[in-house]
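Input: a single structure, listed below in structure tokens.
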Amino acid sequence: MTSGRVRWFSGLRAWAAVTTAVGLSALAAGLASPGGEAVAKPPASMEFCKIYPTAHACAASPVVNCTTCHTVPPAKNLFGAQVAERLAPGVARPLSDADYIAALPAALKAVEALDADGDGISNLDEILKGSAPENGDSRPTAVSCTPGQTRSAAAGRWNTCGYDPVHAWRKVVLDVCGRSPTRTETDAFRRRLPSESSWREGISGQLDTCLRSPYWLGVNGVLWNLANAKINPQDSIKAGPRAGSIPLADYEWDYNLFAWMNTGDRDVRGLLTSQDFVKRVSDDPPTFAAVPEGDFKGMRQAGQTVPREKRAGMITTRWFSTVNTMFTPIPRTTAAVAYRQYLGLDLARMEGLHPAVAEPVDYDAKGVAAPACAVCHSTLDPLTYPFTRYDGIIRNNYNPNRLKNFVRTDGARVVEAPEAGEIFGQKVANLLEWSQVAANSDAFAQKVTWDYWKMMVGREPSPADQTEFALMWKGLKAPDKFNYRVERMLHALVLTEAYGRP
Amino acid sequence: MRMPGLFAVLTLTLVAAAALAPAVVSAQEAAPASTDPRIKFKDGERYLRDLSETFEIPRDEICLELSRYDCSKKSFRIVLGGVDPYDARVMQPLDQATLASPIAFDRVALQVCANRVAKDRADPAKALLFKPASGRPDRAWRDALTDRLYDRILRRDASVAERDRMAAFLEGVEGRTGRSARGQSEQTLLACFALASSAEAAFY
């Protein structure tokens, strides 16, 4: 979730390298061995943010990319090489994870004043300001205006040096109501300008009005589209109204739940924890109503089939397990999609690695215990176990004995796969505990905020946005601030410089 | 695309865009350039909703390719910043404009303007943009046209410099379209296109 394009490329490179390196002993030697102690070095990605909590990269996600220190792990980039040189010098290799983590702060400290890429900016400055210490072409961007510029900007048609209320208000109308303001509306808003409290009220009132518009809340509206990647709708298998040719599940429940949890006085963690559903009673004005549990009786594939007390919001809906779990006993894709879409961590790009000890066991005999696979699967497999009791296509039930159905296809050991698993290094007994840990994590608050930031500001949080972005997601978590109410967070978001400075 | 004579003016649209687009952008001249600009593309749907409102043409009729396929919901959905999760499986708007985006955008702007000007010609009593000059088109006629266009398309007044530039442009085009009512309507269409395809109309 940091600088998207860099991550995308480095992720691809890492992936390609890992997949082609299967069997390369040089790589294998450094990676987790099944059953033994994990000796991989991915923990540095998390330690880094503990050491530099205010670093730009750590504002958006608690784990930094491996490429902060590596070109392709284990090969080091210029910065990583400086760190490695000063890491527990003279101590025999390989270091245990504990020794490695203990030695890391001193090694990082020792290279702060150095300039790995020779661009004249110290490693520390680059880390804090969000440019790449290993890349001479990457420098922090200057965004402040000179005093002279500030004066002339404030007098200009757009205040390019600060928050411009008219610009921000117009953006709210366009972003959230989906239209430009009329001239009459603009004149009325301009009359508020002399008083800050008045224009703030104007922006806030406009936002409240627009947040109830069909453009924002309706079918195919803004919130609906924000959920597309999470829900992954496919009309051919849609059930319920406008059913496809092979109706298996109805994604409308998912879209409705998403909109519901993202609006009004609702706790957005409900995306991962809600056990209730809502239906859309009208689209203009958009209106939702709770669904009495009994309504699902007899609806079959068009309803919800996991018993209420086993539900975990969007990640146990009939649709979610239909499109993701399908027929797999150990539904890694399901866990990876949940991790990516709700926590912003893409394991395929080696984000969010938290290797569990003695994992992966490889209960379904897929070969994931091989060192080159274990680098990801030591995190992914324990993340997946809590999903193993939820049926995919057709039944979509919760079934404690589900894995028995897979002995013939996936081997006798498949039934040994536990329901308990691990997320962010924390042990969880089942998916309900999993979803609690997930919903309360920084990663969740960051991802929720990130999605809105990307859409409203129009781009991913940049180094210059770091402070404001952190205020938003930390505020989302804080009970005395937004308290997980998305709309409260949006009221603050439209008052940020990132949003209101042209 | 039913307006007769449209092809004759098509080539002129390039001239129009070149002559006027910079003028529109420089309306921001008072402020120093943004150190970190974050303007966003309006996307096809917002754009057509806006023009539907100011041109007083129902949203469903304002822009149809082959008289049938809505420009932003169907024909140019993805290239104009929309999504199509069900069929094309595009879940989020593309991060970067495609090569075809500016072409599609110009095409939409031209069609919408042509649509409005055709309505004005068909029912002069309810004309919004094109109102024939009572005598020879003069500076007053051109200024009035400029004001209508800025009011409807950019929802603001034209500056003095913008009026001058538009007047000079219209005069220049008159050499090719002629002064007849038809020529005037073609000038109107071109001027409309120039503003509707400007950065100010497309971004926010």
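To be explicit about the labels: the chains of the structure tokens are called A, B, and onward in the order shown, and within each one the residues are counted from 1, while ligands get numbers from 1 in the order they are shown.
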Near chain A, which residues of chain B fall within 10 Å when you count only C-alpha atoms, and what do they look like as a VMD selection string?
chain B and resid 27 to 43 45 to 51 53 to 54 82 to 87 89 to 93 95 151 to 152 154 to 157 204
Do you know which residues are at most 12 Å from Asp208 (chain A) counting only C-alpha atoms, after dropping those on the same chain fewer than 3 positions away, and could you put them as a list in words?
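Selected residues are Val172, Val173, Val176, Cys177, Glu201, Gly202, Ile203, Ser204, Gly205, Leu211, Arg212, Ser213, Trp216, Thr263, Gly264, Glu487, Arg488, Leu490, His491 and Val494 of chain A.
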Which of region 56-195 of chain B end up as alpha helix (DSSP H) when DSSP is run on this backbone - answer as number ranges by chain?
B: 101-122, 139-149, 160-177, 181-195
Strand (DSSP E or B) positions in region 25-204 of chain B, given as a PDB file with all heavy atoms, in the first residue's frame:
```pdb
ATOM      1  N   PHE B  41      -9.657  13.285 -13.428  1.00  0.00           N
ATOM      2  CA  PHE B  41     -10.514  13.224 -14.613  1.00  0.00           C
ATOM      3  C   PHE B  41     -11.957  13.044 -14.137  1.00  0.00           C
ATOM      4  O   PHE B  41     -12.234  12.240 -13.258  1.00  0.00           O
ATOM      5  CB  PHE B  41     -10.065  12.047 -15.475  1.00  0.00           C
ATOM      6  CG  PHE B  41     -10.887  11.857 -16.709  1.00  0.00           C
ATOM      7  CD1 PHE B  41     -11.170  12.934 -17.534  1.00  0.00           C
ATOM      8  CD2 PHE B  41     -11.372  10.601 -17.041  1.00  0.00           C
ATOM      9  CE1 PHE B  41     -11.929  12.761 -18.679  1.00  0.00           C
ATOM     10  CE2 PHE B  41     -12.130  10.425 -18.197  1.00  0.00           C
ATOM     11  CZ  PHE B  41     -12.408  11.503 -19.013  1.00  0.00           C
ATOM     12  N   LEU B  64     -25.265   9.080 -27.837  1.00  0.00           N
ATOM     13  CA  LEU B  64     -25.467   7.690 -28.229  1.00  0.00           C
ATOM     14  C   LEU B  64     -24.636   7.386 -29.467  1.00  0.00           C
ATOM     15  O   LEU B  64     -24.726   8.089 -30.458  1.00  0.00           O
ATOM     16  CB  LEU B  64     -26.942   7.429 -28.542  1.00  0.00           C
ATOM     17  CG  LEU B  64     -27.927   7.653 -27.397  1.00  0.00           C
ATOM     18  CD1 LEU B  64     -29.368   7.571 -27.910  1.00  0.00           C
ATOM     19  CD2 LEU B  64     -27.694   6.636 -26.294  1.00  0.00           C
ATOM     20  N   GLU B  65     -23.832   6.352 -29.396  1.00  0.00           N
ATOM     21  CA  GLU B  65     -23.080   5.926 -30.579  1.00  0.00           C
ATOM     22  C   GLU B  65     -24.012   5.090 -31.442  1.00  0.00           C
ATOM     23  O   GLU B  65     -24.781   4.269 -30.914  1.00  0.00           O
ATOM     24  CB  GLU B  65     -21.870   5.094 -30.172  1.00  0.00           C
ATOM     25  CG  GLU B  65     -20.720   5.909 -29.618  1.00  0.00           C
ATOM     26  CD  GLU B  65     -19.961   6.679 -30.696  1.00  0.00           C
ATOM     27  OE1 GLU B  65     -19.585   6.059 -31.709  1.00  0.00           O
ATOM     28  OE2 GLU B  65     -19.765   7.892 -30.519  1.00  0.00           O
ATOM     29  N   TYR B  69     -25.974   3.184 -28.508  1.00  0.00           N
ATOM     30  CA  TYR B  69     -25.164   2.774 -27.365  1.00  0.00           C
ATOM     31  C   TYR B  69     -24.665   3.975 -26.592  1.00  0.00           C
ATOM     32  O   TYR B  69     -23.925   4.800 -27.122  1.00  0.00           O
ATOM     33  CB  TYR B  69     -23.989   1.912 -27.843  1.00  0.00           C
ATOM     34  CG  TYR B  69     -24.449   0.718 -28.624  1.00  0.00           C
ATOM     35  CD1 TYR B  69     -24.283   0.636 -29.995  1.00  0.00           C
ATOM     36  CD2 TYR B  69     -25.104  -0.325 -27.970  1.00  0.00           C
ATOM     37  CE1 TYR B  69     -24.722  -0.454 -30.712  1.00  0.00           C
ATOM     38  CE2 TYR B  69     -25.562  -1.426 -28.671  1.00  0.00           C
ATOM     39  CZ  TYR B  69     -25.371  -1.487 -30.055  1.00  0.00           C
ATOM     40  OH  TYR B  69     -25.823  -2.557 -30.748  1.00  0.00           O
ATOM     41  N   ASP B  70     -25.091   4.059 -25.344  1.00  0.00           N
ATOM     42  CA  ASP B  70     -24.715   5.205 -24.520  1.00  0.00           C
ATOM     43  C   ASP B  70     -23.193   5.350 -24.448  1.00  0.00           C
ATOM     44  O   ASP B  70     -22.473   4.380 -24.214  1.00  0.00           O
ATOM     45  CB  ASP B  70     -25.286   5.037 -23.118  1.00  0.00           C
ATOM     46  CG  ASP B  70     -25.091   6.303 -22.304  1.00  0.00           C
ATOM     47  OD1 ASP B  70     -24.033   6.460 -21.668  1.00  0.00           O
ATOM     48  OD2 ASP B  70     -26.008   7.139 -22.326  1.00  0.00           O
ATOM     49  N   ASP B  84     -16.429  -1.947 -15.273  1.00  0.00           N
ATOM     50  CA  ASP B  84     -17.379  -2.933 -15.767  1.00  0.00           C
ATOM     51  C   ASP B  84     -17.060  -4.267 -15.108  1.00  0.00           C
ATOM     52  O   ASP B  84     -16.393  -5.118 -15.688  1.00  0.00           O
ATOM     53  CB  ASP B  84     -17.272  -3.043 -17.293  1.00  0.00           C
ATOM     54  CG  ASP B  84     -18.279  -4.041 -17.843  1.00  0.00           C
ATOM     55  OD1 ASP B  84     -19.087  -4.569 -17.038  1.00  0.00           O
ATOM     56  OD2 ASP B  84     -18.246  -4.304 -19.048  1.00  0.00           O
ATOM     57  N   VAL B  90     -13.514  -5.296 -15.260  1.00  0.00           N
ATOM     58  CA  VAL B  90     -12.676  -4.189 -14.813  1.00  0.00           C
ATOM     59  C   VAL B  90     -13.289  -3.677 -13.518  1.00  0.00           C
ATOM     60  O   VAL B  90     -14.376  -3.116 -13.511  1.00  0.00           O
ATOM     61  CB  VAL B  90     -12.634  -3.060 -15.867  1.00  0.00           C
ATOM     62  CG1 VAL B  90     -11.842  -1.864 -15.345  1.00  0.00           C
ATOM     63  CG2 VAL B  90     -12.040  -3.575 -17.155  1.00  0.00           C
ATOM     64  N   PHE B 203     -11.483  17.974 -16.214  1.00  0.00           N
ATOM     65  CA  PHE B 203     -10.800  17.648 -14.956  1.00  0.00           C
ATOM     66  C   PHE B 203     -11.336  18.488 -13.812  1.00  0.00           C
ATOM     67  O   PHE B 203     -11.913  19.537 -14.015  1.00  0.00           O
ATOM     68  CB  PHE B 203      -9.290  17.879 -15.107  1.00  0.00           C
ATOM     69  CG  PHE B 203      -8.637  16.931 -16.069  1.00  0.00           C
ATOM     70  CD1 PHE B 203      -8.535  17.247 -17.420  1.00  0.00           C
ATOM     71  CD2 PHE B 203      -8.141  15.720 -15.627  1.00  0.00           C
ATOM     72  CE1 PHE B 203      -7.946  16.366 -18.314  1.00  0.00           C
ATOM     73  CE2 PHE B 203      -7.549  14.836 -16.511  1.00  0.00           C
ATOM     74  CZ  PHE B 203      -7.456  15.152 -17.859  1.00  0.00           C
TER      75      PHE B 203
END
```
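Residue nearest Lys109 (chain A) within the list A:Ile51, A:Asp267, A:Cys58, A:Tyr163: A:Ile51 [criterion: smallest interatomic distance, only C-alpha atoms].
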Out of B:Gly183, B:Gly44, B:Pro102, B:Gly135, which residue has the shortest atom-to-atom distance to Arg121 (chain B) when counting only C-alpha atoms?
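Once distances to Arg121 (chain B) are computed over only C-alpha atoms, the minimum belongs to B:Gly183.
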Hey, what's within 7 Å of Ala109 (chain B) if we count only C-alpha atoms and toss same-chain stuff fewer than 3 positions away? As a list in words, please?
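Within the cut-off, the hits are Phe105, Asp106, Val112, Cys113, Phe193, Ala196 and Ser197 of chain B.
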